[in-house]
file run_26.cif (mmCIF, C-alpha atoms and all ligand atoms)
data_work
loop_
_atom_site.label_atom_id
_atom_site.label_comp_id
_atom_site.auth_asym_id
_atom_site.auth_seq_id
_atom_site.Cartn_x
_atom_site.Cartn_y
_atom_site.Cartn_z
CA MET A 398 -10.69 -16.07 -6.94
CA ARG A 399 -9.49 -12.79 -8.47
CA LEU A 400 -6.81 -10.73 -6.76
CA SER A 401 -8.06 -7.59 -4.98
CA THR A 402 -6.44 -4.37 -6.16
CA ALA A 403 -9.03 -2.16 -4.46
CA GLY A 404 -6.37 0.24 -3.18
CA LEU A 405 -5.79 1.27 -6.79
CA ASP A 406 -9.45 2.11 -7.48
CA PRO A 407 -9.14 5.83 -6.56
CA CYS A 408 -6.70 6.33 -9.46
CA VAL A 409 -8.14 8.82 -11.94
CA HIS A 410 -5.10 8.56 -14.25
CA CYS A 411 -4.30 12.24 -13.81
CA GLY A 412 -0.54 11.69 -14.09
CA PHE A 413 0.45 13.91 -11.13
CA CYS A 414 2.65 11.04 -9.94
CA LEU A 415 4.67 10.67 -13.15
CA GLN A 416 7.42 13.16 -12.36
CA SER A 417 7.87 11.62 -8.90
CA CYS A 418 8.69 8.23 -10.43
CA PRO A 419 12.42 7.59 -10.90
CA THR A 420 11.92 4.76 -13.39
CA TYR A 421 9.55 6.80 -15.57
CA ILE A 422 11.99 9.71 -15.51
CA ALA A 423 14.78 7.35 -16.55
CA THR A 424 12.97 5.51 -19.37
CA GLY A 425 10.10 7.79 -20.40
CA ASP A 426 8.00 4.64 -20.86
CA GLU A 427 4.42 4.91 -19.58
CA ALA A 428 4.56 1.22 -18.56
CA ASP A 429 7.47 2.14 -16.24
CA SER A 430 5.33 4.81 -14.55
CA PRO A 431 2.96 4.44 -11.59
CA ARG A 432 -0.03 5.14 -13.81
CA GLY A 433 1.04 2.53 -16.34
CA ARG A 434 1.78 -0.06 -13.65
CA ILE A 435 -1.58 0.61 -12.03
CA VAL A 436 -3.33 -0.15 -15.33
CA LEU A 437 -1.28 -3.35 -15.66
CA MET A 438 -2.08 -4.44 -12.09
CA GLN A 439 -5.78 -3.66 -12.44
CA SER A 440 -5.92 -5.63 -15.70
CA PHE A 441 -4.21 -8.54 -13.95
CA GLY A 442 -6.66 -8.26 -11.04
CA ARG A 443 -9.61 -8.45 -13.46
CA GLY A 444 -8.08 -11.47 -15.18
CA GLU A 445 -7.48 -9.61 -18.46
CA ILE A 446 -3.72 -10.21 -18.32
CA ALA A 447 -2.33 -13.59 -17.31
CA GLY A 448 0.35 -13.94 -14.64
CA THR A 449 2.53 -15.51 -17.32
CA ASP A 450 2.52 -12.25 -19.33
CA ASP A 451 6.17 -11.19 -19.61
CA ARG A 452 5.34 -7.51 -20.06
CA LEU A 453 3.45 -7.44 -16.76
CA ALA A 454 6.29 -9.11 -14.86
CA HIS A 455 8.94 -6.98 -16.59
CA HIS A 456 7.43 -3.62 -15.69
CA LEU A 457 6.54 -4.64 -12.13
CA GLN A 458 10.05 -5.96 -11.56
CA ARG A 459 11.38 -2.59 -12.75
CA CYS A 460 9.40 -0.82 -10.03
CA LEU A 461 11.65 0.25 -7.15
CA GLY A 462 8.80 0.08 -4.66
CA CYS A 463 9.97 3.51 -3.47
CA LEU A 464 6.37 4.74 -2.96
CA ALA A 465 7.18 8.27 -4.12
CA CYS A 466 4.06 7.92 -6.27
CA GLU A 467 1.93 7.37 -3.14
CA SER A 468 3.28 10.57 -1.61
CA ALA A 469 2.60 12.49 -4.83
CA CYS A 470 -0.90 11.14 -5.45
CA PRO A 471 -3.74 13.53 -4.56
CA SER A 472 -6.33 10.75 -4.76
CA GLY A 473 -4.97 8.54 -2.00
CA VAL A 474 -4.06 5.58 -4.19
CA GLU A 475 -2.54 2.77 -2.10
CA TYR A 476 0.09 1.62 -4.55
CA GLY A 477 2.39 -0.27 -2.16
CA PRO A 478 -0.05 -2.88 -0.82
CA ALA A 479 -1.31 -3.59 -4.36
CA LEU A 480 2.24 -4.03 -5.66
CA GLU A 481 3.01 -6.45 -2.81
CA ALA A 482 -0.16 -8.44 -3.46
CA VAL A 483 0.42 -8.69 -7.22
CA ARG A 484 4.07 -9.66 -6.80
CA ALA A 485 3.04 -12.37 -4.32
CA GLU A 486 0.54 -13.68 -6.85
CA LEU A 487 3.09 -13.63 -9.68
CA ALA A 488 5.65 -15.45 -7.50
CA LYS A 489 3.29 -18.44 -7.41
CA THR A 490 3.56 -19.06 -11.12
CA ARG A 491 6.75 -17.38 -12.31
CA THR A 492 10.33 -18.45 -11.73
CA ILE A 493 12.18 -16.21 -9.28
CA PRO A 494 15.84 -15.85 -10.31
CA ILE A 495 18.10 -18.30 -8.51
CA PHE A 496 20.32 -15.42 -7.39
CA VAL A 497 17.38 -13.80 -5.59
CA ARG A 498 16.32 -17.05 -3.96
CA LEU A 499 19.89 -17.68 -2.83
CA VAL A 500 20.35 -14.22 -1.30
CA LEU A 501 17.01 -14.36 0.48
CA ALA A 502 17.67 -17.87 1.79
CA VAL A 503 21.03 -16.74 3.20
CA MET A 504 19.49 -13.67 4.84
CA ALA A 505 16.86 -15.85 6.51
CA GLU A 506 19.29 -18.41 7.93
CA ALA A 507 21.56 -16.98 10.62
CA ARG A 508 23.88 -20.02 10.68
CA ILE A 509 24.84 -19.36 7.05
CA ARG A 510 24.49 -15.58 7.04
CA ARG A 511 26.74 -14.82 9.99
CA PRO A 512 29.93 -16.54 8.77
CA LEU A 513 29.39 -15.24 5.23
CA LEU A 514 29.01 -11.65 6.39
CA ALA A 515 31.94 -12.06 8.80
CA ALA A 516 34.08 -13.10 5.82
CA SER A 517 32.74 -10.11 3.86
CA ARG A 518 33.86 -7.77 6.64
CA LEU A 519 37.40 -9.10 6.29
CA LEU A 520 37.31 -8.24 2.58
CA ARG A 521 36.50 -4.56 3.14
CA PRO A 522 40.07 -3.25 2.68
CA LEU A 523 40.40 -5.17 -0.60
CA ALA A 524 36.95 -4.01 -1.68
CA ARG A 525 38.00 -0.43 -1.14
CA LEU A 526 40.95 -0.94 -3.52
CA LEU A 527 38.85 -2.68 -6.19
CA ALA A 528 35.82 -0.35 -6.06
CA GLY A 529 35.04 1.19 -9.42
CA ARG A 530 32.58 1.71 -12.26
CA SER A 531 32.53 -1.81 -13.70
CA LYS A 532 29.87 -4.33 -12.70
CA VAL A 533 32.25 -6.09 -10.30
CA GLY A 534 33.87 -2.83 -9.21
CA PHE A 535 30.48 -1.47 -8.17
CA GLN A 536 29.79 -4.58 -6.07
CA PHE A 537 33.13 -4.10 -4.31
CA GLY A 538 32.19 -0.47 -3.78
CA MET A 539 28.97 -1.53 -2.09
CA LEU A 540 30.92 -3.66 0.36
CA ALA A 541 33.52 -0.95 0.95
CA ALA A 542 30.73 1.52 1.69
CA THR A 543 29.56 -0.51 4.66
CA ARG A 544 32.31 0.96 6.83
CA MET A 545 33.60 4.34 5.73
CA ARG A 546 35.74 6.49 7.98
CA LEU A 547 34.92 10.06 8.82
CA THR A 548 37.57 12.54 9.81
CA VAL A 549 36.34 15.58 11.69
CA PRO A 550 38.78 17.98 13.35
CA GLN A 551 38.43 17.92 17.14
CA GLU A 552 37.11 21.21 18.52
CA PRO A 553 39.22 22.71 21.32
CA PRO A 554 37.54 22.08 24.71
CA SER A 555 36.87 25.78 25.23
CA ALA A 556 34.66 25.76 22.13
CA ALA A 557 32.05 23.66 23.83
CA PRO A 558 31.56 24.87 27.41
CA ALA A 559 27.82 24.15 27.43
CA VAL A 560 28.45 20.59 26.41
CA GLN A 561 31.09 20.05 29.06
CA ASP A 562 28.68 21.32 31.70
CA ALA A 563 26.14 18.81 30.49
CA ARG A 564 28.43 15.80 30.78
CA ARG A 565 26.93 13.00 32.75
CA ARG A 566 27.30 9.28 33.11
CA ASN A 567 25.77 7.00 30.51
CA ASP A 568 23.51 5.15 32.95
CA GLY A 569 20.48 4.56 30.74
CA GLY A 570 17.04 5.51 31.98
CA THR A 571 13.56 4.34 32.74
CA ARG A 572 11.88 4.09 29.33
CA GLN A 573 12.56 0.61 27.99
CA ALA A 574 13.85 -0.05 24.50
CA VAL A 575 15.18 -2.98 22.51
CA VAL A 576 17.08 -2.53 19.27
CA PHE A 577 16.11 -4.42 16.12
CA ARG A 578 19.54 -5.50 14.84
CA GLY A 579 18.45 -7.14 11.56
CA CYS A 580 20.49 -9.32 9.18
CA ILE A 581 22.61 -7.06 6.94
CA MET A 582 22.56 -4.42 9.67
CA GLU A 583 24.04 -6.86 12.18
CA GLY A 584 26.42 -8.49 9.70
CA LEU A 585 27.85 -5.36 8.04
CA PHE A 586 26.64 -2.43 10.14
CA SER A 587 26.86 -3.68 13.73
CA HIS A 588 28.77 -0.47 14.53
CA VAL A 589 25.57 1.43 13.66
CA ASN A 590 23.49 -0.90 15.85
CA ASP A 591 25.92 -0.28 18.71
CA ALA A 592 25.77 3.49 18.12
CA THR A 593 21.97 3.22 18.21
CA GLU A 594 22.07 1.55 21.62
CA ARG A 595 24.53 4.10 23.02
CA THR A 596 22.59 7.14 21.83
CA LEU A 597 19.36 5.70 23.22
CA ARG A 598 21.00 5.26 26.63
CA VAL A 599 22.27 8.82 26.60
CA ASN A 600 18.70 9.94 25.93
CA GLY A 601 17.22 8.15 28.89
CA PHE A 602 16.36 4.70 27.59
CA ALA A 603 17.16 1.44 29.36
CA VAL A 604 18.21 -0.84 26.50
CA ALA A 605 17.84 -4.62 26.67
CA ALA A 606 19.09 -7.26 24.21
CA VAL A 607 16.93 -9.66 22.16
CA PRO A 608 19.33 -12.40 21.04
CA GLN A 609 16.77 -14.61 19.22
CA GLN A 610 15.74 -11.95 16.67
CA GLY A 611 16.46 -12.28 12.92
CA CYS A 612 15.89 -10.88 9.44
CA CYS A 613 12.73 -8.72 9.10
CA GLY A 614 11.67 -10.33 5.80
CA ALA A 615 11.32 -7.05 3.87
CA LEU A 616 13.27 -8.33 0.85
CA HIS A 617 11.17 -11.51 0.83
CA VAL A 618 7.97 -9.45 0.75
CA HIS A 619 9.33 -7.30 -2.08
CA ALA A 620 10.13 -10.44 -4.09
CA GLY A 621 6.63 -11.83 -3.51
CA LEU A 622 7.88 -14.65 -1.25
CA THR A 623 5.16 -14.24 1.36
CA GLU A 624 5.48 -17.55 3.20
CA PRO A 625 9.22 -17.18 4.03
CA ALA A 626 8.47 -13.57 5.09
CA LYS A 627 5.72 -14.77 7.41
CA ALA A 628 8.03 -17.35 8.97
CA LEU A 629 10.58 -14.62 9.72
CA ALA A 630 7.86 -12.36 11.13
CA ARG A 631 6.66 -15.10 13.48
CA CYS A 632 10.23 -15.60 14.80
CA ASN A 633 10.61 -11.89 15.52
CA VAL A 634 7.17 -11.54 17.10
CA ARG A 635 8.00 -14.38 19.48
CA ALA A 636 11.54 -13.13 20.20
CA PHE A 637 10.48 -9.58 21.09
CA ALA A 638 7.59 -10.80 23.26
CA GLU A 639 10.21 -11.27 25.99
CA HIS A 640 10.18 -7.48 26.46
CA PRO A 641 6.48 -6.61 26.04
CA ASN A 642 6.78 -3.06 27.38
CA ALA A 643 9.85 -1.99 25.43
CA ALA A 644 9.78 0.18 22.32
CA ILE A 645 11.39 -1.62 19.36
CA ALA A 646 13.98 0.82 18.00
CA VAL A 647 14.83 0.46 14.29
CA ASN A 648 17.68 2.28 12.53
CA SER A 649 17.09 0.83 9.04
CA ALA A 650 14.23 2.47 7.12
CA GLY A 651 13.49 -0.63 5.06
CA CYS A 652 13.32 -2.88 8.12
CA GLY A 653 11.19 -0.35 10.03
CA ALA A 654 8.64 -0.09 7.21
CA ALA A 655 8.38 -3.90 7.05
CA LEU A 656 8.16 -4.39 10.81
CA LYS A 657 5.37 -1.82 11.10
CA ARG A 658 3.35 -3.96 8.67
CA TYR A 659 3.68 -7.26 10.56
CA GLY A 660 -0.01 -7.05 11.56
CA HIS A 661 -0.93 -6.93 7.87
CA LEU A 662 1.58 -9.65 6.92
CA LEU A 663 0.27 -12.04 9.59
CA ALA A 664 -3.42 -11.24 9.08
CA GLY A 665 -5.40 -14.43 9.71
CA ASP A 666 -2.39 -16.11 11.34
CA PRO A 667 -2.65 -17.49 14.91
CA LEU A 668 -0.07 -14.83 15.85
CA GLU A 669 -2.05 -11.93 14.30
CA ASP A 670 -2.87 -10.23 17.61
CA GLU A 671 0.74 -10.50 18.82
CA ALA A 672 1.92 -9.20 15.44
CA LEU A 673 -0.36 -6.15 15.74
CA ARG A 674 1.01 -5.44 19.23
CA PHE A 675 4.56 -5.90 17.94
CA ALA A 676 3.96 -3.50 15.04
CA GLY A 677 2.53 -0.93 17.45
CA ARG A 678 5.79 -0.97 19.43
CA VAL A 679 8.07 -0.38 16.43
CA GLU A 680 9.64 3.08 16.31
CA ASP A 681 12.19 4.51 13.96
CA ILE A 682 15.32 5.68 15.80
CA HIS A 683 14.93 9.22 14.45
CA GLU A 684 11.37 9.35 15.79
CA MET A 685 12.51 8.12 19.20
CA LEU A 686 15.47 10.44 19.59
CA ALA A 687 13.64 13.47 18.18
CA ALA A 688 10.83 12.90 20.68
CA ALA A 689 13.33 12.46 23.51
CA GLY A 690 14.99 15.82 22.93
CA PRO A 691 17.60 14.76 22.00
CA ARG A 692 20.50 15.72 24.28
CA ARG A 693 23.07 18.02 22.73
CA GLY A 694 26.50 16.62 21.99
CA ALA A 695 29.85 18.17 21.21
CA PRO A 696 30.32 20.28 18.06
CA LEU A 697 31.21 18.67 14.75
CA ALA A 698 32.24 21.47 12.41
CA MET A 699 31.27 19.93 9.10
CA THR A 700 28.64 19.90 6.37
CA VAL A 701 26.47 16.91 5.60
CA ALA A 702 24.00 16.25 2.81
CA VAL A 703 20.90 14.58 4.24
CA ASP A 704 19.32 12.11 1.83
CA PRO A 705 16.14 10.60 3.29
CA PRO A 706 15.51 6.93 2.40
CA CYS A 707 12.24 6.26 0.55
CA HIS A 708 11.14 3.80 3.20
CA LEU A 709 11.49 6.53 5.79
CA GLN A 710 9.83 9.46 4.00
CA HIS A 711 7.31 7.74 1.74
CA ALA A 712 6.57 4.47 3.59
CA GLN A 713 6.76 5.75 7.19
CA HIS A 714 6.12 9.48 6.56
CA ILE A 715 9.14 10.43 8.69
CA VAL A 716 10.70 13.56 7.21
CA ASP A 717 11.69 16.10 9.88
CA GLU A 718 12.97 13.74 12.57
CA PRO A 719 16.41 12.98 11.04
CA HIS A 720 17.01 16.75 10.94
CA ALA A 721 15.88 17.02 14.58
CA LEU A 722 18.35 14.28 15.51
CA LEU A 723 21.20 16.00 13.67
CA GLY A 724 20.15 19.30 15.24
CA ALA A 725 21.57 17.97 18.52
CA VAL A 726 25.07 18.24 17.01
CA PRO A 727 26.32 21.84 17.32
CA ASP A 728 28.12 23.35 14.30
CA LEU A 729 26.81 20.62 11.98
CA ALA A 730 25.43 22.16 8.78
CA CYS A 731 22.76 20.02 7.10
CA LEU A 732 21.92 20.43 3.42
CA SER A 733 19.10 18.76 1.47
CA PRO A 734 19.60 17.76 -2.18
CA ALA A 735 17.16 19.13 -4.73
CA ASP A 736 15.56 15.73 -5.30
CA ALA A 737 15.53 14.52 -1.71
CA ASP A 738 12.22 12.77 -2.35
CA HIS A 739 13.68 10.63 -5.17
CA CYS A 740 15.02 7.11 -4.79
CA CYS A 741 18.74 6.35 -5.11
CA GLY A 742 18.06 3.19 -7.14
CA SER A 743 19.02 0.66 -4.49
CA ALA A 744 15.74 -1.11 -3.57
CA GLY A 745 17.18 -4.37 -2.25
CA VAL A 746 18.21 -6.71 -5.04
CA PHE A 747 16.95 -4.25 -7.68
CA SER A 748 20.45 -2.82 -8.12
CA VAL A 749 21.67 -6.26 -9.22
CA LEU A 750 18.61 -7.43 -11.17
CA GLU A 751 18.05 -4.14 -12.99
CA ARG A 752 21.62 -2.94 -13.02
CA GLN A 753 21.40 -0.42 -15.86
CA LEU A 754 18.18 1.22 -14.67
CA SER A 755 19.48 1.28 -11.10
CA ARG A 756 22.64 3.12 -12.23
CA GLN A 757 20.56 5.61 -14.22
CA VAL A 758 18.49 6.41 -11.13
CA LEU A 759 21.64 6.65 -9.01
CA ALA A 760 23.31 9.00 -11.47
CA ARG A 761 20.50 11.52 -11.02
CA LYS A 762 20.82 11.24 -7.26
CA LEU A 763 24.58 11.81 -7.36
CA ASP A 764 24.10 14.76 -9.70
CA THR A 765 22.19 16.53 -6.95
CA LEU A 766 24.29 15.36 -4.00
CA THR A 767 27.82 16.04 -5.17
CA PRO A 768 27.41 19.77 -6.02
CA LEU A 769 26.58 20.32 -2.35
CA ALA A 770 30.24 19.44 -1.65
CA PRO A 771 29.43 17.86 1.71
CA ASN A 772 32.02 16.35 4.06
CA ALA A 773 29.70 13.36 4.31
CA ILE A 774 26.31 12.11 3.14
CA VAL A 775 23.87 10.71 5.67
CA THR A 776 20.97 8.37 4.99
CA GLY A 777 19.23 5.92 7.30
CA ASN A 778 19.09 2.70 5.32
CA PRO A 779 21.78 0.08 4.59
CA GLY A 780 20.83 -0.32 0.92
CA CYS A 781 21.03 3.45 0.36
CA VAL A 782 24.38 3.68 2.17
CA MET A 783 25.80 0.91 -0.05
CA GLN A 784 24.30 2.23 -3.30
CA ILE A 785 25.26 5.88 -2.83
CA GLY A 786 28.61 4.90 -1.28
CA ALA A 787 29.47 2.67 -4.25
CA GLY A 788 28.41 5.43 -6.63
CA MET A 789 30.65 7.93 -4.86
CA LEU A 790 33.62 5.54 -4.93
CA ALA A 791 33.01 4.79 -8.61
CA ALA A 792 33.13 8.52 -9.26
CA GLY A 793 36.44 8.77 -7.41
CA ARG A 794 34.89 10.61 -4.45
CA THR A 795 36.03 9.85 -0.92
CA GLU A 796 33.27 11.46 1.16
CA PRO A 797 31.78 8.77 3.42
CA VAL A 798 28.11 7.81 3.48
CA LEU A 799 26.91 7.28 7.03
CA PHE A 800 23.80 6.82 9.15
CA PRO A 801 22.63 9.98 10.97
CA VAL A 802 22.91 8.18 14.30
CA GLU A 803 26.64 7.62 13.68
CA LEU A 804 27.21 11.38 13.71
CA LEU A 805 25.20 11.80 16.90
CA ASP A 806 27.21 8.99 18.45
CA LEU A 807 30.51 10.65 17.53
CA SER A 808 29.23 13.93 18.92
CA TYR A 809 28.25 12.24 22.19
CA ARG A 810 31.62 10.52 22.41
CA ARG A 811 33.38 13.85 22.10
CA ALA A 812 31.02 15.35 24.67
CA GLY A 813 32.18 12.73 27.17
CA TYR A 814 28.89 10.85 27.49
CA TYR A 815 30.69 7.52 27.18
CA ASP A 816 33.35 6.24 29.52
CA ALA A 817 36.80 5.11 28.38
CA THR A 818 35.75 1.44 28.16
CA THR A 819 33.12 2.07 25.49
CA PRO A 820 34.43 0.66 22.18
CA PRO A 821 35.02 3.15 19.35
CA GLY A 822 32.01 3.76 17.13
CA GLY A 823 31.47 4.81 13.57
S1 LIG B 901 -1.75 7.23 -8.91
FE1 LIG B 901 -2.65 9.17 -8.22
S2 LIG B 901 -1.36 10.76 -9.15
FE2 LIG B 901 -0.92 8.85 -10.25
S3 LIG B 901 -2.31 8.85 -12.02
FE3 LIG B 901 -3.40 7.75 -10.38
S4 LIG B 901 -4.61 9.32 -9.31
FE4 LIG B 901 -3.10 10.41 -10.57
S1 LIG B 902 7.00 2.81 -6.35
FE1 LIG B 902 8.57 4.26 -7.12
S2 LIG B 902 9.40 3.26 -8.98
FE2 LIG B 902 7.46 2.21 -8.47
S3 LIG B 902 5.89 3.27 -9.68
FE3 LIG B 902 5.93 4.28 -7.65
S4 LIG B 902 7.37 6.01 -7.90
FE4 LIG B 902 7.70 4.60 -9.64
#
call {"tool": "encode", "arguments": {"input": "run_26.cif", "output": "structure tokens", "more": "lines below"}}
Ligand code: SF4
Ligand code: SF4
result
Amino acid sequence: MRLSTAGLDPCVHCGFCLQSCPTYIATGDEADSPRGRIVLMQSFGRGEIAGTDDRLAHHLQRCLGCLACESACPSGVEYGPALEAVRAELAKTRTIPIFVRLVLAVMAEARIRRPLLAASRLLRPLARLLAGRSKVGFQFGMLAATRMRLTVPQEPPSAAPAVQDARRRNDGGTRQAVVFRGCIMEGLFSHVNDATERTLRVNGFAVAAVPQQGCCGALHVHAGLTEPAKALARCNVRAFAEHPNAAIAVNSAGCGAALKRYGHLLAGDPLEDEALRFAGRVEDIHEMLAAAGPRRGAPLAMTVAVDPPCHLQHAQHIVDEPHALLGAVPDLACLSPADADHCCGSAGVFSVLERQLSRQVLARKLDTLTPLAPNAIVTGNPGCVMQIGAGMLAAGRTEPVLFPVELLDLSYRRAGYYDATTPPGG
């Protein structure tokens, strides 16, 4: 049976998407463009190119999966689902690099992942010292970027009278929420998960814990490893069924995009109906807090560059909500880089597998971010934080890269929304 690439059929090869594609901009090769990849995938779907064809695999591996081409396309081409389907088909016959299999196996298995990531956290100070431009230096930079400190001068109390009037206890509320804590997010960014829970409570959510949850499987889907991804999806669907009326809050764009597609991933599975209900409960944290208000915090007199992750703006079509969230922080100036709709070159294991191309894409991103001279960069995805953070450190820059919710959390802390026993956040 031939693979269906029907979502690509509306393509009229107009080329409007070419200048939205970071890999085409970097290489100038039509086969590294959406239009070129669509032709390759359609030929594969018709059986005109074999799955063993190295050119097909090479150019599809060099796709970031950023979906900027979908946003740019006037014909409604569904590039993402076709890419996933073709990669899954290729994974059946082609060898997936051992490094990729190893990383994905570790992410899927909590008993291995947790101690490894705990050890990685201990290495952060060393990583900060060794961060640099070389291959190894960049990897250290990625680890160092997982916890970067922000220094913001404290406003005098008189500067925020409205906020002081609004102080209230952090009692939670009546709308129920559970936080998706993920694998990398929990191992290297648990401070962001904690900030997510605190800011939800301040905005009227009662937050419950889901201890049996695990990796979302997004990286497995991107690599074409559908069966391991399905196994992870089933675990999460069952784990979150304990709180059937709670919204599932997600602070990682990549995880959120994957979780919202669990109904598609488990189509035909005995858990399909539960997966559809699960996917319907998934909400990005920026969506949730923007819809809730959000409550104003204390001033943070600083400038941030807001770089939206591809899996937020292109995959989930969430663009304004991060700005609405940051709008709850008085005196915070938010700037957008000129190419805010372009990928940073992270894309999961892409930055390791396609190192040179990834750095080329990152260089363009940094060229638009650094002239803004921000005090910090904010972006809502762990891969983007690590990629941009490592790039900044390699360039000798010290501005931290943070999640938007970390700034809201700091603002709330200064506003007095948390009591003295709440542990320090980001
Ligand atoms: S994907 Fe869309 S924008 Fe790109 S060539 Fe095809 S029709 Fe044109
Ligand atoms: S998903 Fe991104 S990298 Fe891949 S073809 Fe589309 S725009 Fe280019």
call {"tool": "axis_aligned_box", "arguments": {"input": "run_26.cif", "around": "ligand LIG 901 (chain B)", "padding_each_side": "8 Å", "output": "lines of an AutoDock Vina configuration file"}}
result
center_x = -2.8
center_y = 9.0
center_z = -10.1
size_x = 19.7
size_y = 19.5
size_z = 19.8
call {"tool": "residues_near_ligand", "arguments": {"input": "run_26.cif", "ligand": "ligand LIG 902 (chain B)", "cutoff": "8 Å", "atoms": "only C-alpha atoms and all ligand atoms", "output": "list in words"}}
result
Cys414, Leu415, Ser417, Cys418, Pro419, Thr420, Tyr421, Asp429, Ser430, Pro431, Arg432, Arg434, Leu457, Arg459, Cys460, Leu461, Gly462, Cys463, Leu464, Ala465, Cys466, Glu467, Tyr476, Gly477 and Cys740 of chain A
call {"tool": "closest_atom_pairs", "arguments": {"input": "run_26.cif", "of": "chain A", "to": "ligand LIG 901 (chain B)", "cutoff": "6 Å", "atoms": "only C-alpha atoms and all ligand atoms", "output": "JSON lines"}}
result
{"residue": "A:Cys408", "atom": "CA", "partner": "B:LIG901", "partner_atom": "S4", "distance": 3.7}
{"residue": "A:Val409", "atom": "CA", "partner": "B:LIG901", "partner_atom": "S4", "distance": 4.4}
{"residue": "A:His410", "atom": "CA", "partner": "B:LIG901", "partner_atom": "S3", "distance": 3.6}
{"residue": "A:Cys411", "atom": "CA", "partner": "B:LIG901", "partner_atom": "FE4", "distance": 3.9}
{"residue": "A:Gly412", "atom": "CA", "partner": "B:LIG901", "partner_atom": "S3", "distance": 3.9}
{"residue": "A:Phe413", "atom": "CA", "partner": "B:LIG901", "partner_atom": "S2", "distance": 4.1}
{"residue": "A:Cys414", "atom": "CA", "partner": "B:LIG901", "partner_atom": "S2", "distance": 4.1}
{"residue": "A:Arg432", "atom": "CA", "partner": "B:LIG901", "partner_atom": "S3", "distance": 4.7}
{"residue": "A:Cys470", "atom": "CA", "partner": "B:LIG901", "partner_atom": "S2", "distance": 3.7}
{"residue": "A:Pro471", "atom": "CA", "partner": "B:LIG901", "partner_atom": "FE1", "distance": 5.8}
{"residue": "A:Ser472", "atom": "CA", "partner": "B:LIG901", "partner_atom": "S4", "distance": 5.1}
{"residue": "A:Val474", "atom": "CA", "partner": "B:LIG901", "partner_atom": "S1", "distance": 5.5}
call {"tool": "residues_around", "arguments": {"input": "run_26.cif", "residues": "stretch 532-536 of chain A", "least_positions_apart": "4", "cutoff": "12 Å", "atoms": "all atoms listed in the file", "output": "VMD selection string"}}
result
chain A and resid 517 521 523 to 528 540 to 543 746 748 to 753 755 to 756 783 to 793
call {"tool": "write_last_selection", "arguments": {"input": "run_26.cif", "atoms": "C-alpha atoms", "output": "PDB file, in the frame of the given file"}}
result
ATOM      1  CA  SER A 517      32.740 -10.110   3.860  1.00  0.00           C
ATOM      2  CA  ARG A 521      36.500  -4.560   3.140  1.00  0.00           C
ATOM      3  CA  LEU A 523      40.400  -5.170  -0.600  1.00  0.00           C
ATOM      4  CA  ALA A 524      36.950  -4.010  -1.680  1.00  0.00           C
ATOM      5  CA  ARG A 525      38.000  -0.430  -1.140  1.00  0.00           C
ATOM      6  CA  LEU A 526      40.950  -0.940  -3.520  1.00  0.00           C
ATOM      7  CA  LEU A 527      38.850  -2.680  -6.190  1.00  0.00           C
ATOM      8  CA  ALA A 528      35.820  -0.350  -6.060  1.00  0.00           C
ATOM      9  CA  LEU A 540      30.920  -3.660   0.360  1.00  0.00           C
ATOM     10  CA  ALA A 541      33.520  -0.950   0.950  1.00  0.00           C
ATOM     11  CA  ALA A 542      30.730   1.520   1.690  1.00  0.00           C
ATOM     12  CA  THR A 543      29.560  -0.510   4.660  1.00  0.00           C
ATOM     13  CA  VAL A 746      18.210  -6.710  -5.040  1.00  0.00           C
ATOM     14  CA  SER A 748      20.450  -2.820  -8.120  1.00  0.00           C
ATOM     15  CA  VAL A 749      21.670  -6.260  -9.220  1.00  0.00           C
ATOM     16  CA  LEU A 750      18.610  -7.430 -11.170  1.00  0.00           C
ATOM     17  CA  GLU A 751      18.050  -4.140 -12.990  1.00  0.00           C
ATOM     18  CA  ARG A 752      21.620  -2.940 -13.020  1.00  0.00           C
ATOM     19  CA  GLN A 753      21.400  -0.420 -15.860  1.00  0.00           C
ATOM     20  CA  SER A 755      19.480   1.280 -11.100  1.00  0.00           C
ATOM     21  CA  ARG A 756      22.640   3.120 -12.230  1.00  0.00           C
ATOM     22  CA  MET A 783      25.800   0.910  -0.050  1.00  0.00           C
ATOM     23  CA  GLN A 784      24.300   2.230  -3.300  1.00  0.00           C
ATOM     24  CA  ILE A 785      25.260   5.880  -2.830  1.00  0.00           C
ATOM     25  CA  GLY A 786      28.610   4.900  -1.280  1.00  0.00           C
ATOM     26  CA  ALA A 787      29.470   2.670  -4.250  1.00  0.00           C
ATOM     27  CA  GLY A 788      28.410   5.430  -6.630  1.00  0.00           C
ATOM     28  CA  MET A 789      30.650   7.930  -4.860  1.00  0.00           C
ATOM     29  CA  LEU A 790      33.620   5.540  -4.930  1.00  0.00           C
ATOM     30  CA  ALA A 791      33.010   4.790  -8.610  1.00  0.00           C
ATOM     31  CA  ALA A 792      33.130   8.520  -9.260  1.00  0.00           C
ATOM     32  CA  GLY A 793      36.440   8.770  -7.410  1.00  0.00           C
TER      33      GLY A 793
END
call {"tool": "closest_residue", "arguments": {"input": "run_26.cif", "among": "A:Ala605, A:Ala592, A:Val618, A:Leu662", "to": "A:Tyr815", "atoms": "only C-alpha atoms"}}
result
A:Ala592
call {"tool": "residues_around", "arguments": {"input": "run_26.cif", "residues": "A:Arg631", "least_positions_apart": "3", "cutoff": "8 Å", "atoms": "all atoms listed in the file", "output": "ChimeraX atom specification"}}
result
/A:627-628,634-635,668,672
call {"tool": "closest_residue", "arguments": {"input": "run_26.cif", "among": "A:Ser733, A:Arg811, A:Pro512, A:Met685", "to": "A:Gly601", "atoms": "all atoms listed in the file"}}
result
A:Met685
